[in-house]
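This report refers to the structure that appears directly beneath it.
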Amino acid sequence: MANLQKLVGSTERGWKGSAAKFLGVSRPTLDRYLRLAAEGQLDKIPGLILKAVGVDESSPTARMPGIPESEVGSSEFDMVNLFAAGLRRLQEDIDHQGHIQAPYPEPLSRAFNLAAAFNIERRTSYPVDLASLIRAAARPIFEWCSAYGECEHGEAFFASRLIDDGEITPDCISMAGLTETDAEQAFYQMLMSACAELDEDLGQRFYSEWRRAVIENPVAESHAIFIAKYDVLRSNTILTKKLVDFFYERIPEVHAVDGKLALCPLTGTRLKKHANQWATEMRDPVAAQHLRDYGPRWIEHTSATIELKRPVRVFWTLPGWHELQLHREVQARGCTSILWPDFDSVDLLVSQPSGRRFAVDVKDHISPISLSRTSGQHNRRRRYKRVIVIPDYLEDRLPQYKTLFCKAALSALKEPEQIMTASEFLELLGDKA
């Protein structure tokens, strides 16, 4: 690294762009070479690259002083993702016990060690204790760790906050997943395993009904609600109970107010109180407005009251609310709508009486750049026009959302998919029947 900085004549922020151009490689490739060099794995770096920076392939690579032995090769990208993983663990402690437990989670301790080392070596001021981390985490990452955006995949979360309104954000959970096994995948695999025990047609209906059940019941008074309200789940009680036990957890009494729980009147998720005000997990402003207009919905807290675990709420329930809402609005316009066909190959298959058909994916990504990376052509269906539909609030908060999405797709040599807001899609379908 030192040799390369001398060659490009800079040690300031942004020097890696000049270094990548000097070597004729991409930024992600440069980051990989720097990490391999820090780990002493020179044999994995092309000889021409080593020669260009004046490094003898046979000489040992000096490690960065101050970096813990187990973290050699780590970058600010790793540090921030470890912060995210640590905050997620702390949030789980608060949700389950009502307080933070000692000692700190292992990812958080690792992140603090890295931050302290970077602060010494690079004269940065990254958080090294929980109080300073909470202050930083409430701000966009680019404001307190500009180097994060220089790393591969970093720009997708560059403007993200780890904490918002006293709670960790969906982006925080996504970033935590970059350091650990994807939590969402475990729940998906559990559901698919249950569906595999049924024949294909019944398995598809079971899949769709369970997806709908967790969207409609992020908090449930007991297991019995899944048997009482959903026909397919009732006909497969053993599988249903297995899923309830895996997806849900008991709500500790500490979260009750005078024996009752406050729920979001729009989504049914449990409300949290901050500065004497109730706050909903749903980031769409329509939920906050609904809460102001109608106040919390209260239910009795008992030993049987259960709540969806956080990853399912973040990745299935809250985005799924928009999917169900669009499904109902489509049907109200006299169109046919099928939810999550072929085990969620797309979110909705919409057919108009005129014969026009749409394969719709509803996406609630804050970043249009991130959305462009996850979208693709692999879910195309014959005779169906593929459309990505985003909630209206995303364009309200970023008017250039669709333009940025298309530009990002083109820069990645992808064919931009058609993208529109929910209101635009419903207008395309016509008036209500």
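Numbering starts fresh at 1 for the residues of each chain in the structure tokens, the chains themselves are lettered A, B, ... in the order given, and ligands are numbered from 1 as they appear.
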Output as a tab-separated table one row per residue of region 235-288 of chain A within 8 Å of region 302-320 of chain A: the closest atom pair and its distance in Å to one decimal place, counting only C-alpha atoms, sorted by chain and residue number ascending.
residue	atom	partner	partner_atom	distance
A:Phe247	CA	A:Leu308	CA	5.8
A:Tyr248	CA	A:Leu308	CA	4.4
A:Glu249	CA	A:Ile306	CA	5.3
A:Arg250	CA	A:Ile306	CA	4.4
A:Ile251	CA	A:Ile306	CA	5.5
A:Gly259	CA	A:Thr302	CA	8.0
A:Thr267	CA	A:Leu318	CA	7.5
A:Met282	CA	A:Leu318	CA	6.2
Selection above as a file: N, CA and C atoms, as a PDB file, in the first residue's frame:
ATOM      1  N   PHE A 247     -40.831 -19.027  13.269  1.00  0.00           N
ATOM      2  CA  PHE A 247     -40.923 -17.641  12.808  1.00  0.00           C
ATOM      3  C   PHE A 247     -41.256 -16.655  13.927  1.00  0.00           C
ATOM      4  N   TYR A 248     -41.897 -17.115  14.972  1.00  0.00           N
ATOM      5  CA  TYR A 248     -42.395 -16.220  16.015  1.00  0.00           C
ATOM      6  C   TYR A 248     -41.692 -16.457  17.343  1.00  0.00           C
ATOM      7  N   GLU A 249     -41.803 -15.458  18.227  1.00  0.00           N
ATOM      8  CA  GLU A 249     -41.270 -15.558  19.580  1.00  0.00           C
ATOM      9  C   GLU A 249     -42.220 -14.857  20.544  1.00  0.00           C
ATOM     10  N   ARG A 250     -42.156 -15.269  21.806  1.00  0.00           N
ATOM     11  CA  ARG A 250     -43.005 -14.647  22.823  1.00  0.00           C
ATOM     12  C   ARG A 250     -42.604 -13.191  23.028  1.00  0.00           C
ATOM     13  N   ILE A 251     -43.587 -12.353  23.323  1.00  0.00           N
ATOM     14  CA  ILE A 251     -43.313 -10.944  23.608  1.00  0.00           C
ATOM     15  C   ILE A 251     -43.153 -10.784  25.117  1.00  0.00           C
ATOM     16  N   GLY A 259     -50.745  -3.893  30.858  1.00  0.00           N
ATOM     17  CA  GLY A 259     -51.240  -5.188  30.394  1.00  0.00           C
ATOM     18  C   GLY A 259     -51.638  -5.229  28.930  1.00  0.00           C
ATOM     19  N   THR A 267     -50.207  -1.519   9.890  1.00  0.00           N
ATOM     20  CA  THR A 267     -49.464  -2.750   9.589  1.00  0.00           C
ATOM     21  C   THR A 267     -49.630  -3.841  10.643  1.00  0.00           C
ATOM     22  N   MET A 282     -42.695   0.790  10.095  1.00  0.00           N
ATOM     23  CA  MET A 282     -42.915   1.035   8.669  1.00  0.00           C
ATOM     24  C   MET A 282     -42.343   2.396   8.282  1.00  0.00           C
TER      25      MET A 282
END
Would you please give, as a PyMOL selection string, all residues of region 158-295 of chain A that DSSP assigns to strand (DSSP E) based on the backbone? chain A and resi 163-164+167-168+219-220+248-250+260-263+272-274+277-279
Using the selection just defined, write its residues with N, CA and C atoms as an mmCIF file, in the first residue's frame.
data_model
loop_
_atom_site.group_PDB
_atom_site.id
_atom_site.type_symbol
_atom_site.label_atom_id
_atom_site.label_comp_id
_atom_site.auth_asym_id
_atom_site.auth_seq_id
_atom_site.Cartn_x
_atom_site.Cartn_y
_atom_site.Cartn_z
ATOM 1 N N ILE A 163 -29.293 3.495 12.432
ATOM 2 C CA ILE A 163 -30.337 3.691 13.434
ATOM 3 C C ILE A 163 -31.241 4.823 12.977
ATOM 4 N N ASP A 164 -32.537 4.637 13.144
ATOM 5 C CA ASP A 164 -33.501 5.681 12.826
ATOM 6 C C ASP A 164 -34.632 5.597 13.845
ATOM 7 N N GLU A 167 -34.353 2.854 16.529
ATOM 8 C CA GLU A 167 -34.385 1.449 16.137
ATOM 9 C C GLU A 167 -33.386 1.218 15.006
ATOM 10 N N ILE A 168 -32.856 0.004 14.926
ATOM 11 C CA ILE A 168 -32.008 -0.296 13.780
ATOM 12 C C ILE A 168 -32.863 -0.304 12.518
ATOM 13 N N VAL A 219 -48.005 -9.502 14.820
ATOM 14 C CA VAL A 219 -48.246 -9.828 16.227
ATOM 15 C C VAL A 219 -49.520 -10.648 16.281
ATOM 16 N N ALA A 220 -49.504 -11.748 17.023
ATOM 17 C CA ALA A 220 -50.674 -12.622 17.129
ATOM 18 C C ALA A 220 -50.958 -12.915 18.589
ATOM 19 N N TYR A 248 -41.897 -17.115 14.972
ATOM 20 C CA TYR A 248 -42.395 -16.220 16.015
ATOM 21 C C TYR A 248 -41.692 -16.457 17.343
ATOM 22 N N GLU A 249 -41.803 -15.458 18.227
ATOM 23 C CA GLU A 249 -41.270 -15.558 19.580
ATOM 24 C C GLU A 249 -42.220 -14.857 20.544
ATOM 25 N N ARG A 250 -42.156 -15.269 21.806
ATOM 26 C CA ARG A 250 -43.005 -14.647 22.823
ATOM 27 C C ARG A 250 -42.604 -13.191 23.028
ATOM 28 N N LYS A 260 -51.363 -4.160 28.175
ATOM 29 C CA LYS A 260 -51.751 -4.126 26.770
ATOM 30 C C LYS A 260 -50.544 -3.809 25.887
ATOM 31 N N LEU A 261 -50.636 -4.199 24.613
ATOM 32 C CA LEU A 261 -49.609 -3.905 23.623
ATOM 33 C C LEU A 261 -50.159 -2.920 22.601
ATOM 34 N N ALA A 262 -49.336 -1.945 22.239
ATOM 35 C CA ALA A 262 -49.729 -0.958 21.226
ATOM 36 C C ALA A 262 -49.250 -1.420 19.859
ATOM 37 N N LEU A 263 -50.177 -1.506 18.907
ATOM 38 C CA LEU A 263 -49.847 -1.955 17.561
ATOM 39 C C LEU A 263 -50.078 -0.827 16.558
ATOM 40 N N LYS A 272 -43.158 1.158 19.096
ATOM 41 C CA LYS A 272 -42.135 1.455 20.085
ATOM 42 C C LYS A 272 -42.299 2.913 20.501
ATOM 43 N N LYS A 273 -41.985 3.214 21.734
ATOM 44 C CA LYS A 273 -42.165 4.580 22.216
ATOM 45 C C LYS A 273 -40.820 5.277 22.308
ATOM 46 N N HIS A 274 -40.746 6.467 21.727
ATOM 47 C CA HIS A 274 -39.534 7.275 21.763
ATOM 48 C C HIS A 274 -39.927 8.703 22.113
ATOM 49 N N GLN A 277 -43.535 9.490 22.329
ATOM 50 C CA GLN A 277 -44.321 9.366 21.114
ATOM 51 C C GLN A 277 -44.201 7.952 20.564
ATOM 52 N N TRP A 278 -45.319 7.445 20.049
ATOM 53 C CA TRP A 278 -45.295 6.122 19.447
ATOM 54 C C TRP A 278 -44.674 6.195 18.056
ATOM 55 N N ALA A 279 -43.878 5.187 17.708
ATOM 56 C CA ALA A 279 -43.238 5.119 16.391
ATOM 57 C C ALA A 279 -43.485 3.746 15.790
#
Coordinates-based distance that separates CA of Pro107 (chain A) from CA of Ala37 (chain A) (Å, one decimal):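 Separating CA of Ala37 (chain A) from CA of Pro107 (chain A) is a distance of 23.9 Å.
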Near region 79-88 of chain A, 7 Å: region 134-210 of chain A residue rows, closest pairs, only C-alpha atoms, as a Markdown table:
| residue | atom | partner | partner_atom | distance |
| --- | --- | --- | --- | --- |
| A:Leu162 | CA | A:Ala84 | CA | 6.5 |
| A:Ile168 | CA | A:Arg88 | CA | 6.8 |
| A:Cys172 | CA | A:Ala84 | CA | 5.3 |
| A:Ile173 | CA | A:Arg88 | CA | 6.5 |
| A:Met175 | CA | A:Asn81 | CA | 5.3 |
| A:Ala176 | CA | A:Ala85 | CA | 4.1 |
| A:Leu178 | CA | A:Asn81 | CA | 6.8 |
| A:Thr179 | CA | A:Asn81 | CA | 6.4 |
From the options A:Cys335, A:Ile134, A:Val362, A:Met190, which residue's atoms come nearest to Lys432 (chain A), counting only C-alpha atoms? A:Cys335
Proximity to Arg89 (chain A) - best of A:Pro127, A:Gly177, A:Pro46, A:Pro140, only C-alpha atoms: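 For Arg89 (chain A), the nearest of the candidates is A:Gly177.
Residues within 9 Å of Thr336 (chain A), counting only C-alpha atoms and excluding same-chain residues fewer than 3 positions away, are His327, Val330, Gln331, Arg333, Leu349, Val350, Ser351, Gln352 and Pro353 of chain A.
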Might you pull out every residue within 10 Å of region 202-210 of chain A, with only C-alpha atoms counted and same-chain residues fewer than 3 positions away left off, and present them as JSON, numbers by chain? {"A": [191, 192, 193, 194, 195, 196, 197, 198, 199, 213, 214, 215, 216, 226, 230, 231, 232, 233, 235, 236, 239, 240, 243, 244, 338, 339, 340, 341, 342, 343, 344]}
Counting only C-alpha atoms, figure out which residue out of A:Ser125, A:His223, A:Pro265, A:Phe157 gets nearest to Phe246 (chain A).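 Checking each of A:Ser125, A:His223, A:Pro265, A:Phe157 against Phe246 (chain A), counting only C-alpha atoms, the winner is A:His223.
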From the DSSP assignment of the backbone, select every residue of region 168-383 of chain A that is helix (DSSP H, G or I), and format the answer as number ranges by chain. A: 170-176, 183-196, 200-216, 224-229, 231-234, 237-247, 253-255, 285-294, 310-332, 341-344, 368-374
What does the structure give for the distance between CA of Ser174 (chain A) and CA of Glu417 (chain A), in Å to one decimal?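 Result for CA of Ser174 (chain A) versus CA of Glu417 (chain A): 23.6 Å, one decimal.
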Within 12 Å of Glu329 (chain A), counting only C-alpha atoms, which residues show up once you throw out same-chain ones fewer than 6 positions away? Write them as an MDAnalysis selection string, please. chainID A and resid 322:323 335:337 350 422:423 425:427 429:433
